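To be precise, the following lines are my_file_30.cif, and they hold mmCIF, C-alpha atoms.
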data_input
loop_
_atom_site.label_atom_id
_atom_site.label_comp_id
_atom_site.auth_asym_id
_atom_site.auth_seq_id
_atom_site.Cartn_x
_atom_site.Cartn_y
_atom_site.Cartn_z
CA MET A 22 -18.04 -5.11 -10.44
CA ARG A 23 -14.92 -5.34 -8.31
CA PRO A 24 -15.19 -6.75 -4.77
CA PHE A 25 -15.69 -4.21 -2.00
CA VAL A 26 -16.66 -3.69 1.64
CA HIS A 27 -18.85 -0.78 2.66
CA ASN A 28 -19.43 0.44 6.22
CA ALA A 29 -22.28 2.90 6.78
CA LEU A 30 -22.26 5.12 9.86
CA PRO A 31 -25.48 5.36 11.94
CA ALA A 32 -26.02 9.12 11.77
CA ARG A 33 -29.27 11.05 11.39
CA VAL A 34 -29.14 14.00 8.99
CA ILE A 35 -31.61 16.88 8.73
CA PHE A 36 -30.90 19.21 5.79
CA GLY A 37 -32.63 22.40 4.70
CA SER A 38 -33.06 26.13 5.34
CA GLY A 39 -34.24 27.34 8.73
CA THR A 40 -33.98 23.81 10.12
CA SER A 41 -32.08 24.87 13.26
CA LYS A 42 -35.03 26.89 14.55
CA THR A 43 -37.12 23.82 15.30
CA ALA A 44 -35.08 20.68 14.61
CA VAL A 45 -32.50 21.13 17.37
CA ALA A 46 -35.12 21.27 20.12
CA GLU A 47 -36.98 18.35 18.56
CA GLU A 48 -33.79 16.29 18.39
CA LEU A 49 -32.96 17.01 22.03
CA LYS A 50 -36.33 15.62 23.03
CA ARG A 51 -35.98 12.64 20.67
CA LEU A 52 -32.62 11.79 22.28
CA GLY A 53 -34.08 12.15 25.76
CA CYS A 54 -31.74 15.02 26.65
CA LYS A 55 -32.72 17.73 29.11
CA ARG A 56 -29.52 19.72 29.74
CA ALA A 57 -27.89 20.92 26.52
CA LEU A 58 -24.49 22.61 26.50
CA ILE A 59 -23.89 24.73 23.40
CA VAL A 60 -20.28 24.36 22.28
CA THR A 61 -18.82 26.97 19.97
CA ALA A 62 -15.76 29.10 19.18
CA PRO A 63 -15.31 32.60 20.64
CA ARG A 64 -17.11 34.10 17.62
CA LYS A 65 -20.56 32.86 18.61
CA ASP A 66 -23.16 34.66 16.45
CA GLU A 67 -24.67 31.45 15.04
CA ALA A 68 -24.64 29.85 18.49
CA GLU A 69 -26.76 32.73 19.76
CA VAL A 70 -29.32 31.87 17.07
CA ILE A 71 -29.54 28.32 18.43
CA LEU A 72 -29.61 29.55 22.02
CA ASN A 73 -32.52 31.87 21.34
CA ALA A 74 -34.46 29.17 19.49
CA LEU A 75 -34.26 26.63 22.33
CA PRO A 76 -36.68 26.47 25.25
CA LYS A 77 -34.79 27.92 28.21
CA GLU A 78 -35.39 24.85 30.34
CA LEU A 79 -33.34 22.74 27.89
CA VAL A 80 -30.24 24.96 27.99
CA ALA A 81 -27.52 24.14 30.53
CA GLY A 82 -25.15 26.83 29.28
CA MET A 83 -22.68 27.79 26.57
CA TYR A 84 -18.97 26.99 26.31
CA ALA A 85 -17.42 29.40 23.79
CA ASN A 86 -13.77 28.40 23.74
CA ALA A 87 -13.61 25.68 21.10
CA THR A 88 -10.08 25.79 19.70
CA MET A 89 -8.41 24.62 16.51
CA HIS A 90 -6.93 21.10 16.64
CA THR A 91 -8.91 20.30 19.84
CA PRO A 92 -6.20 20.80 22.50
CA GLU A 93 -6.60 18.35 25.37
CA ASP A 94 -6.40 21.10 28.00
CA VAL A 95 -9.37 22.89 26.42
CA THR A 96 -11.32 19.63 26.44
CA ALA A 97 -10.54 19.14 30.13
CA ASP A 98 -11.78 22.65 30.90
CA ALA A 99 -14.95 22.15 28.87
CA LEU A 100 -15.62 18.78 30.50
CA LYS A 101 -15.30 20.34 33.94
CA TYR A 102 -17.87 22.97 32.98
CA ALA A 103 -20.17 20.36 31.42
CA GLU A 104 -20.12 18.38 34.66
CA GLU A 105 -20.78 21.51 36.73
CA VAL A 106 -23.94 22.27 34.74
CA SER A 107 -24.96 18.58 34.48
CA ALA A 108 -24.96 18.64 30.66
CA ASP A 109 -26.22 15.51 28.93
CA CYS A 110 -25.84 16.78 25.36
CA ALA A 111 -23.32 18.94 23.53
CA ILE A 112 -24.69 21.00 20.65
CA ALA A 113 -21.74 21.89 18.43
CA VAL A 114 -22.38 25.11 16.51
CA GLY A 115 -19.66 26.19 14.10
CA GLY A 116 -16.84 24.51 12.19
CA GLY A 117 -14.39 21.74 12.90
CA SER A 118 -13.20 23.24 16.19
CA ALA A 119 -16.68 23.19 17.74
CA VAL A 120 -17.51 19.76 16.34
CA GLY A 121 -14.17 18.40 17.53
CA LEU A 122 -14.69 19.67 21.07
CA ALA A 123 -18.19 18.14 21.25
CA LYS A 124 -16.72 14.84 20.04
CA ALA A 125 -14.01 15.03 22.70
CA LEU A 126 -16.65 15.61 25.38
CA ALA A 127 -18.55 12.56 24.18
CA LEU A 128 -15.38 10.50 24.32
CA GLN A 129 -14.29 11.72 27.76
CA SER A 130 -17.76 11.03 29.17
CA ASN A 131 -17.81 7.53 27.62
CA GLY A 132 -20.78 8.49 25.48
CA ARG A 133 -22.90 9.86 28.32
CA ILE A 134 -22.86 13.28 26.68
CA LYS A 135 -24.70 12.95 23.39
CA GLN A 136 -24.09 15.20 20.41
CA ILE A 137 -26.04 17.31 17.96
CA ALA A 138 -23.87 18.97 15.32
CA VAL A 139 -24.98 22.19 13.65
CA PRO A 140 -22.19 22.93 11.12
CA THR A 141 -21.76 26.48 9.85
CA THR A 142 -18.71 25.73 7.67
CA TYR A 143 -17.88 22.99 5.19
CA ALA A 144 -15.35 21.08 7.33
CA GLY A 145 -17.29 17.78 7.17
CA SER A 146 -16.00 16.46 10.49
CA GLU A 147 -19.55 16.09 11.79
CA ALA A 148 -20.14 13.20 9.37
CA THR A 149 -17.23 11.10 10.66
CA SER A 150 -16.38 8.97 13.68
CA ILE A 151 -12.88 10.51 13.69
CA LEU A 152 -11.50 12.73 16.42
CA GLY A 153 -8.22 14.61 16.12
CA GLN A 154 -6.70 15.99 19.33
CA SER A 155 -3.49 17.86 20.07
CA LYS A 156 -1.13 17.83 23.03
CA ASP A 157 2.40 19.24 23.37
CA GLY A 158 2.60 20.11 19.68
CA VAL A 159 1.52 16.69 18.42
CA LYS A 160 -1.85 15.94 16.84
CA THR A 161 -3.20 12.40 16.92
CA THR A 162 -6.40 10.93 15.56
CA GLN A 163 -8.62 8.06 16.53
CA ARG A 164 -11.74 6.49 15.10
CA THR A 165 -14.59 5.34 17.34
CA LEU A 166 -18.38 5.43 17.12
CA THR A 167 -18.42 7.09 20.54
CA VAL A 168 -17.53 10.42 18.89
CA LEU A 169 -20.06 10.21 16.04
CA PRO A 170 -22.83 12.81 16.52
CA GLN A 171 -26.27 11.31 16.95
CA THR A 172 -27.80 14.01 14.73
CA ILE A 173 -26.50 16.52 12.21
CA VAL A 174 -28.69 19.54 11.54
CA TYR A 175 -27.65 21.32 8.34
CA ASP A 176 -29.17 24.79 8.08
CA VAL A 177 -28.18 26.63 4.89
CA ASP A 178 -29.22 29.93 6.49
CA LEU A 179 -26.45 29.63 9.10
CA THR A 180 -23.78 29.56 6.37
CA LEU A 181 -24.80 32.84 4.72
CA GLU A 182 -22.46 34.91 6.92
CA LEU A 183 -19.41 32.68 6.41
CA PRO A 184 -16.60 35.03 5.30
CA ALA A 185 -15.20 34.77 1.77
CA GLN A 186 -11.82 33.19 2.51
CA MET A 187 -13.22 30.74 5.04
CA THR A 188 -15.88 29.77 2.52
CA ILE A 189 -13.23 28.75 0.00
CA THR A 190 -10.73 27.14 2.39
CA SER A 191 -13.46 25.28 4.25
CA GLY A 192 -14.81 24.02 0.94
CA MET A 193 -11.34 22.90 -0.16
CA ASN A 194 -10.97 21.10 3.17
CA ALA A 195 -14.17 19.18 2.40
CA ILE A 196 -13.04 18.35 -1.15
CA ALA A 197 -9.85 16.84 0.32
CA HIS A 198 -11.96 14.22 2.11
CA ALA A 199 -13.50 13.08 -1.15
CA VAL A 200 -10.25 13.13 -3.12
CA GLU A 201 -8.58 10.80 -0.65
CA ALA A 202 -11.64 8.57 -0.51
CA LEU A 203 -11.41 7.92 -4.26
CA TYR A 204 -8.04 6.19 -3.98
CA ALA A 205 -8.52 4.64 -0.52
CA THR A 206 -8.45 0.85 -0.31
CA GLU A 207 -11.88 0.99 1.39
CA CYS A 208 -13.53 2.93 -1.45
CA SER A 209 -16.80 1.26 -2.48
CA PRO A 210 -18.97 2.06 -5.52
CA LEU A 211 -21.31 4.06 -3.30
CA ILE A 212 -18.46 6.08 -1.78
CA GLU A 213 -17.07 6.76 -5.26
CA VAL A 214 -20.42 8.19 -6.40
CA MET A 215 -20.69 10.35 -3.28
CA ALA A 216 -17.07 11.53 -3.55
CA LEU A 217 -17.41 12.66 -7.16
CA GLN A 218 -20.76 14.30 -6.44
CA GLY A 219 -19.30 16.12 -3.44
CA ILE A 220 -16.30 17.42 -5.39
CA GLU A 221 -18.52 18.51 -8.25
CA SER A 222 -21.01 20.29 -5.95
CA LEU A 223 -18.26 22.28 -4.25
CA ALA A 224 -16.29 22.95 -7.44
CA LYS A 225 -19.47 24.44 -8.90
CA ALA A 226 -20.48 26.40 -5.80
CA LEU A 227 -17.20 27.94 -4.64
CA PRO A 228 -16.55 30.19 -7.69
CA ILE A 229 -20.12 31.49 -7.41
CA LEU A 230 -19.72 32.18 -3.70
CA SER A 231 -16.41 33.96 -4.22
CA GLN A 232 -18.44 36.58 -6.12
CA ASP A 233 -21.76 36.37 -4.27
CA LEU A 234 -21.57 35.15 -0.66
CA LYS A 235 -25.35 35.39 -0.23
CA ASN A 236 -26.19 33.11 -3.17
CA LYS A 237 -28.45 30.67 -1.38
CA GLU A 238 -28.48 28.02 -4.09
CA ALA A 239 -24.68 27.92 -4.14
CA ARG A 240 -24.62 27.84 -0.34
CA SER A 241 -26.99 24.87 -0.42
CA ASP A 242 -24.83 23.05 -2.99
CA ALA A 243 -21.71 23.71 -0.93
CA LEU A 244 -23.28 22.46 2.30
CA TYR A 245 -24.57 19.35 0.55
CA GLY A 246 -21.09 18.80 -0.89
CA ALA A 247 -19.59 19.13 2.58
CA TRP A 248 -21.89 16.42 3.88
CA THR A 249 -21.15 13.99 1.05
CA CYS A 250 -17.40 14.61 1.29
CA GLY A 251 -17.45 14.19 5.06
CA THR A 252 -19.43 10.98 4.72
CA CYS A 253 -16.72 9.66 2.41
CA LEU A 254 -14.01 10.41 4.96
CA GLY A 255 -16.07 8.62 7.58
CA ALA A 256 -16.02 5.43 5.50
CA VAL A 257 -12.33 5.19 4.56
CA ASN A 258 -8.88 5.48 6.09
CA MET A 259 -6.91 8.70 5.70
CA SER A 260 -3.82 8.85 3.51
CA LEU A 261 -0.96 11.23 2.73
CA HIS A 262 -2.95 14.45 2.43
CA HIS A 263 -4.61 14.24 5.83
CA LYS A 264 -1.47 12.95 7.54
CA LEU A 265 0.55 15.89 6.21
CA CYS A 266 -2.13 18.37 7.27
CA HIS A 267 -2.27 16.93 10.78
CA THR A 268 1.52 17.17 10.99
CA LEU A 269 1.58 20.79 9.81
CA GLY A 270 -1.36 21.82 11.95
CA GLY A 271 -0.53 19.95 15.15
CA SER A 272 3.25 20.38 15.16
CA PHE A 273 3.57 23.84 13.61
CA ASP A 274 0.27 25.41 14.69
CA LEU A 275 -0.87 26.29 11.18
CA PRO A 276 -4.58 27.01 10.46
CA HIS A 277 -6.52 23.86 9.66
CA ALA A 278 -8.64 24.67 6.60
CA GLU A 279 -5.92 26.80 5.03
CA VAL A 280 -3.37 23.99 5.34
CA HIS A 281 -5.77 21.58 3.64
CA THR A 282 -6.24 24.11 0.84
CA VAL A 283 -2.51 24.51 0.23
CA ILE A 284 -1.48 20.86 0.55
CA LEU A 285 -4.31 19.23 -1.43
CA PRO A 286 -3.03 19.93 -4.99
CA HIS A 287 0.49 18.80 -4.08
CA ALA A 288 -0.58 15.61 -2.29
CA THR A 289 -2.81 14.90 -5.30
CA ALA A 290 0.11 15.37 -7.69
CA TYR A 291 2.29 13.09 -5.53
CA ASN A 292 -0.28 10.27 -5.73
CA THR A 293 -1.39 10.76 -9.36
CA PRO A 294 0.99 8.20 -10.97
CA TYR A 295 -0.32 5.54 -8.59
CA ALA A 296 -4.04 6.43 -8.72
CA LYS A 297 -4.54 7.31 -12.37
CA GLU A 298 -8.17 6.19 -12.65
CA ALA A 299 -9.30 8.21 -9.63
CA MET A 300 -7.36 11.28 -10.75
CA ALA A 301 -8.81 11.12 -14.26
CA LYS A 302 -12.32 11.22 -12.80
CA ILE A 303 -11.44 14.26 -10.69
CA ALA A 304 -9.82 16.03 -13.66
CA LYS A 305 -12.98 15.48 -15.70
CA ILE A 306 -14.95 17.55 -13.18
CA PHE A 307 -12.76 20.58 -13.86
CA GLY A 308 -12.86 20.16 -17.64
CA GLY A 309 -10.34 21.59 -20.05
CA ASN A 310 -6.76 20.44 -20.37
CA VAL A 311 -5.89 20.25 -16.66
CA THR A 312 -4.84 17.49 -14.31
CA ALA A 313 -6.71 16.81 -11.08
CA ALA A 314 -3.92 18.55 -9.13
CA GLN A 315 -4.00 21.61 -11.40
CA GLY A 316 -7.79 21.83 -11.22
CA LEU A 317 -7.67 21.83 -7.42
CA TYR A 318 -4.85 24.38 -7.35
CA ASP A 319 -6.69 26.71 -9.73
CA LEU A 320 -9.96 26.35 -7.80
CA ALA A 321 -8.25 27.62 -4.65
CA LYS A 322 -5.97 30.29 -6.10
CA ASN A 323 -8.46 31.74 -8.60
CA ASN A 324 -11.02 32.24 -5.83
CA GLY A 325 -8.82 34.09 -3.39
CA ALA A 326 -7.59 31.31 -1.11
CA PRO A 327 -3.99 31.04 0.12
CA TYR A 328 -1.90 28.69 -2.01
CA SER A 329 1.49 28.55 -0.26
CA LEU A 330 2.70 27.45 3.16
CA LYS A 331 4.83 30.59 3.23
CA GLU A 332 1.62 32.66 3.31
CA LEU A 333 0.42 30.68 6.32
CA GLY A 334 3.54 31.45 8.35
CA MET A 335 5.41 28.18 7.85
CA LYS A 336 9.16 28.56 8.34
CA GLU A 337 11.32 27.22 5.54
CA GLU A 338 13.73 25.66 8.02
CA ASP A 339 10.85 23.56 9.44
CA LEU A 340 10.20 21.75 6.15
CA GLU A 341 12.87 19.13 6.90
CA LYS A 342 11.30 18.37 10.28
CA ALA A 343 7.84 18.12 8.73
CA ALA A 344 9.13 15.66 6.12
CA ASP A 345 10.73 13.57 8.86
CA ILE A 346 7.48 13.39 10.81
CA ALA A 347 5.43 12.56 7.70
CA ALA A 348 7.79 9.77 6.64
CA LYS A 349 8.24 8.30 10.11
CA SER A 350 4.91 6.54 10.72
CA PRO A 351 3.61 4.22 7.98
CA TYR A 352 0.03 4.53 6.73
CA PRO A 353 -1.90 3.42 3.63
CA ASN A 354 -1.17 5.53 0.56
CA PRO A 355 -1.14 4.81 -3.20
CA ALA A 356 2.39 6.15 -3.74
CA PRO A 357 5.36 4.98 -1.64
CA LEU A 358 6.22 7.39 1.16
CA GLU A 359 9.76 8.48 0.38
CA ARG A 360 11.29 11.12 2.61
CA GLU A 361 13.04 13.11 -0.14
CA LYS A 362 9.95 13.13 -2.35
CA LEU A 363 7.83 14.24 0.61
CA LEU A 364 10.30 17.05 1.25
CA GLN A 365 9.99 18.15 -2.38
CA LEU A 366 6.19 18.09 -2.05
CA LEU A 367 6.48 20.35 1.00
CA ARG A 368 8.90 22.68 -0.79
CA ASN A 369 6.48 23.02 -3.70
CA ALA A 370 3.67 23.75 -1.25
CA TYR A 371 5.86 26.24 0.60
CA GLU A 372 6.56 28.19 -2.59
CA GLY A 373 3.01 27.76 -3.92
CA VAL A 374 4.05 26.49 -7.34
CA ARG A 375 1.35 25.14 -9.65
CA PRO A 376 1.66 21.34 -9.99
CA GLU A 377 2.88 20.09 -13.38
#
Could you render the structure from this file as structure tokens?
Amino acid sequence: MRPFVHNALPARVIFGSGTSKTAVAEELKRLGCKRALIVTAPRKDEAEVILNALPKELVAGMYANATMHTPEDVTADALKYAEEVSADCAIAVGGGSAVGLAKALALQSNGRIKQIAVPTTYAGSEATSILGQSKDGVKTTQRTLTVLPQTIVYDVDLTLELPAQMTITSGMNAIAHAVEALYATECSPLIEVMALQGIESLAKALPILSQDLKNKEARSDALYGAWTCGTCLGAVNMSLHHKLCHTLGGSFDLPHAEVHTVILPHATAYNTPYAKEAMAKIAKIFGGNVTAAQGLYDLAKNNGAPYSLKELGMKEEDLEKAADIAAKSPYPNPAPLEREKLLQLLRNAYEGVRPE
């Protein structure tokens, strides 16, 4: 057994079907919270489910303007509202935007505002102590236990209405966490097991869901995979894939999950020569005569997800700038970060070519 260090995050997880109907209220009481602010995106159907299930005396209000990449001005507006209604807990209902805003509220209140996350996508952010925020076209991340939700309530029933494309792109986003964990310097034997299990769960579930969105067993597998993949990201440092996605999302305002979906196969191909053992284990999940990068590319494209930056609205003339940003700040990564090679990666992703 090789030497390793493993850090476990102190999060409480409740997983099942119908859990949100009772567990959220129970968790509020367990945390000693009396004024809950529901945080969600403008499309708030699932948040209404939570609102209706809570005793009215525990609800301080709802803030329904959670925004992609957690802009600091949105956080400031939400914090002002939270203070006006004396909120002591933020219940994030939705995907990464809602979870990110609740994390930002916890950070800005120095932990006074506690968090309960109720994910309805497969983003996985709820299982990490990482917060990404954007300001003036730049997205930055930080890691602190202050932003880790006290409780995560996974309710499979709340994912049954997740649209087809978001199901696939959100799932690919989650898989990206596990892929990078496998070649991270902080990867432990436990994280490796969880990463491979998370990738396998989602790789099995997503093709089923692309044909049958109401398949509850596949929904359960996908949500479980999202948790395991998110847990992996919470235990390791991010590498090339996540740094590129933050650059493309924060600086060029591209959609978060879709960018992860497009970039993942190409970042995987870039790192493959320097992480052969990890990539061989990923390739084995997909079976057949494919590389890890090809398996990930096929999983996205064959199930209706976007597979090129061009589709997402990226401008070809911005690729040079993106490569400059990605190469500028050093960070841990298996393969050396060479500007021209990064530019070629981005060009391949822009055109949507299948990795060799």
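Residues in contact with A:Leu364 at 12 Å, where all atoms listed in the file are counted and same-chain residues fewer than 4 positions away are skipped, are listed as A:Leu265, A:His287, A:Ala288, A:Tyr291, A:Glu337, A:Glu338, A:Asp339, A:Leu340, A:Glu341, A:Lys342, A:Ala343, A:Ala344, A:Asp345, A:Ile346, A:Ala347, A:Ala348, A:Leu358, A:Glu359, A:Arg360, A:Arg368, A:Asn369, A:Ala370, A:Tyr371.
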Could you build a table of the residues in stretch 140-225 of chain A lying no more than 6 Å from stretch 31-38 of chain A, giving for each the nearest pair of atoms and their separation in Å rounded to one decimal place, using all atoms listed in the file, ordered by chain and ascending residue number, as CSV?
residue,atom,partner,partner_atom,distance
A:Gln171,CA,A:Ala32,CA,5.6
A:Thr172,CA,A:Arg33,CA,4.7
A:Ile173,CA,A:Val34,CA,4.9
A:Val174,CA,A:Ile35,CA,4.8
A:Tyr175,CA,A:Phe36,CA,4.6
A:Asp176,CA,A:Ser38,CA,4.9
A:Val177,CA,A:Ser38,CA,4.9
A:Asp178,CA,A:Ser38,CA,5.5
Original post:
Skipping near chain neighbours, those fewer than 4 positions away, what residues fall within 10 Å of A:Ala239 using only C-alpha atoms, listed as a count of residues only?
Top reply: 15
Of A:Gly192, A:Pro170, A:Pro140, A:Pro92, the one nearest to A:Ala127 when counting all atoms listed in the file is A:Pro170
**OP:** Take the PyMOL selection byres ((chain A and resi 64) around 10), apply it to the structure above, and return the hits as a PyMOL selection string.
**Re:** chain A and resi 61-63+65-69+85-87+115
Given the file above and the PyMOL selection byres ((chain A and resi 204-214) around 12), which residues are selected, and can you give them as a count of residues only? 55
(request) Give me the result of the PyMOL selection byres ((chain A and resi 326) around 10) on this file, residue by residue, as a ChimeraX atom specification. (result) /A:185-191,193,231,279,282-283,318-325,327-329
Counting all atoms listed in the file, the option among A:Gly373, A:Gly270, A:Pro286, A:Pro357 closest to A:Lys160
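Between A:Gly373, A:Gly270, A:Pro286, A:Pro357, the residue approaching A:Lys160 most closely is A:Gly270.
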The distance between atom CA of A:Cys54 and atom CA of A:Asp109 is 6.0 Å
Pairwise distance for atom CA of A:Phe307 and atom CA of A:Arg240, rounded to one decimal in Å:
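These atoms are spaced 19.4 Å apart.
For the atom pair formed by atom CA of A:Leu128 and atom CA of A:Leu58, the distance is 15.3 Å, given to one decimal.
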Would you kindly return, as an NGL selection string, each protein, DNA or RNA residue with an atom no farther than 12 Å from any atom of A:Arg133, considering all atoms listed in the file and excluding same-chain residues fewer than 5 positions away? :A and (52-54 or 56 or 100 or 103-104 or 107-111 or 123-128 or 167-168 or 171)
Write out as a Markdown table the residues of stretch 143-215 of chain A that have any atom within 9 Å of an atom of stretch 271-275 of chain A, one row each with the nearest atom pair and its distance in Å to one decimal, counting all atoms listed in the file, sorted by chain and then rising number.
| residue | atom | partner | partner_atom | distance |
| --- | --- | --- | --- | --- |
| A:Gln154 | CA | A:Gly271 | CA | 8.4 |
| A:Ser155 | CA | A:Gly271 | CA | 6.1 |
| A:Lys156 | CA | A:Gly271 | CA | 8.2 |
| A:Asp157 | CA | A:Ser272 | CA | 8.3 |
| A:Gly158 | CA | A:Ser272 | CA | 4.6 |
| A:Val159 | CA | A:Gly271 | CA | 5.1 |
| A:Lys160 | CA | A:Gly271 | CA | 4.5 |
| A:Thr161 | CA | A:Gly271 | CA | 8.2 |
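Residue nearest A:Ser350, chosen from A:Tyr143, A:Ala224, A:Lys264, A:Val106 and counting all atoms listed in the file: A:Lys264.
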- Nearby residues (all atoms listed in the file) at most 8 Å from A:Ile151, same-chain spacing under 4 positions excluded, as a list in words: Ser146, Thr162, Gln163, Arg164, Thr165, Val168, Leu169 and Gly255 of chain A
Rebuild stretch 30-45 of chain A so that it carries N, CA, C and O atoms, then output the result as a PDB file, in the frame of the given file.
ATOM      1  N   LEU A  30     -22.211   4.623   8.489  1.00  0.00           N
ATOM      2  CA  LEU A  30     -22.260   5.120   9.860  1.00  0.00           C
ATOM      3  C   LEU A  30     -23.699   5.463  10.263  1.00  0.00           C
ATOM      4  O   LEU A  30     -24.462   6.011   9.455  1.00  0.00           O
ATOM      5  N   PRO A  31     -24.085   5.161  11.498  1.00  0.00           N
ATOM      6  CA  PRO A  31     -25.480   5.360  11.940  1.00  0.00           C
ATOM      7  C   PRO A  31     -25.763   6.793  12.378  1.00  0.00           C
ATOM      8  O   PRO A  31     -25.971   7.079  13.557  1.00  0.00           O
ATOM      9  N   ALA A  32     -25.759   7.720  11.434  1.00  0.00           N
ATOM     10  CA  ALA A  32     -26.020   9.120  11.770  1.00  0.00           C
ATOM     11  C   ALA A  32     -27.345   9.577  11.176  1.00  0.00           C
ATOM     12  O   ALA A  32     -27.741   9.144  10.099  1.00  0.00           O
ATOM     13  N   ARG A  33     -28.023  10.469  11.864  1.00  0.00           N
ATOM     14  CA  ARG A  33     -29.270  11.050  11.390  1.00  0.00           C
ATOM     15  C   ARG A  33     -28.961  12.444  10.851  1.00  0.00           C
ATOM     16  O   ARG A  33     -28.291  13.246  11.523  1.00  0.00           O
ATOM     17  N   VAL A  34     -29.436  12.734   9.654  1.00  0.00           N
ATOM     18  CA  VAL A  34     -29.140  14.000   8.990  1.00  0.00           C
ATOM     19  C   VAL A  34     -30.432  14.741   8.671  1.00  0.00           C
ATOM     20  O   VAL A  34     -31.363  14.169   8.087  1.00  0.00           O
ATOM     21  N   ILE A  35     -30.481  16.015   9.063  1.00  0.00           N
ATOM     22  CA  ILE A  35     -31.610  16.880   8.730  1.00  0.00           C
ATOM     23  C   ILE A  35     -31.038  18.049   7.940  1.00  0.00           C
ATOM     24  O   ILE A  35     -30.192  18.790   8.441  1.00  0.00           O
ATOM     25  N   PHE A  36     -31.494  18.219   6.705  1.00  0.00           N
ATOM     26  CA  PHE A  36     -30.900  19.210   5.790  1.00  0.00           C
ATOM     27  C   PHE A  36     -31.983  20.142   5.269  1.00  0.00           C
ATOM     28  O   PHE A  36     -33.063  19.700   4.867  1.00  0.00           O
ATOM     29  N   GLY A  37     -31.684  21.441   5.266  1.00  0.00           N
ATOM     30  CA  GLY A  37     -32.630  22.400   4.700  1.00  0.00           C
ATOM     31  C   GLY A  37     -32.283  23.816   5.100  1.00  0.00           C
ATOM     32  O   GLY A  37     -31.182  24.108   5.553  1.00  0.00           O
ATOM     33  N   SER A  38     -33.222  24.734   4.931  1.00  0.00           N
ATOM     34  CA  SER A  38     -33.060  26.130   5.340  1.00  0.00           C
ATOM     35  C   SER A  38     -33.983  26.405   6.515  1.00  0.00           C
ATOM     36  O   SER A  38     -35.158  26.011   6.501  1.00  0.00           O
ATOM     37  N   GLY A  39     -33.447  27.055   7.543  1.00  0.00           N
ATOM     38  CA  GLY A  39     -34.240  27.340   8.730  1.00  0.00           C
ATOM     39  C   GLY A  39     -34.435  26.149   9.641  1.00  0.00           C
ATOM     40  O   GLY A  39     -35.198  26.227  10.619  1.00  0.00           O
ATOM     41  N   THR A  40     -33.771  25.050   9.361  1.00  0.00           N
ATOM     42  CA  THR A  40     -33.980  23.810  10.120  1.00  0.00           C
ATOM     43  C   THR A  40     -33.585  23.961  11.590  1.00  0.00           C
ATOM     44  O   THR A  40     -34.188  23.320  12.462  1.00  0.00           O
ATOM     45  N   SER A  41     -32.576  24.791  11.879  1.00  0.00           N
ATOM     46  CA  SER A  41     -32.080  24.870  13.260  1.00  0.00           C
ATOM     47  C   SER A  41     -33.112  25.470  14.218  1.00  0.00           C
ATOM     48  O   SER A  41     -33.039  25.236  15.425  1.00  0.00           O
ATOM     49  N   LYS A  42     -34.070  26.206  13.685  1.00  0.00           N
ATOM     50  CA  LYS A  42     -35.030  26.890  14.550  1.00  0.00           C
ATOM     51  C   LYS A  42     -35.961  25.921  15.267  1.00  0.00           C
ATOM     52  O   LYS A  42     -36.453  26.223  16.358  1.00  0.00           O
ATOM     53  N   THR A  43     -36.212  24.790  14.664  1.00  0.00           N
ATOM     54  CA  THR A  43     -37.120  23.820  15.300  1.00  0.00           C
ATOM     55  C   THR A  43     -36.478  22.456  15.510  1.00  0.00           C
ATOM     56  O   THR A  43     -36.741  21.785  16.503  1.00  0.00           O
ATOM     57  N   ALA A  44     -35.601  22.046  14.592  1.00  0.00           N
ATOM     58  CA  ALA A  44     -35.080  20.680  14.610  1.00  0.00           C
ATOM     59  C   ALA A  44     -34.195  20.399  15.813  1.00  0.00           C
ATOM     60  O   ALA A  44     -34.207  19.282  16.346  1.00  0.00           O
ATOM     61  N   VAL A  45     -33.424  21.384  16.255  1.00  0.00           N
ATOM     62  CA  VAL A  45     -32.500  21.130  17.370  1.00  0.00           C
ATOM     63  C   VAL A  45     -33.280  20.789  18.632  1.00  0.00           C
ATOM     64  O   VAL A  45     -32.970  19.815  19.326  1.00  0.00           O
TER      65      VAL A  45
END
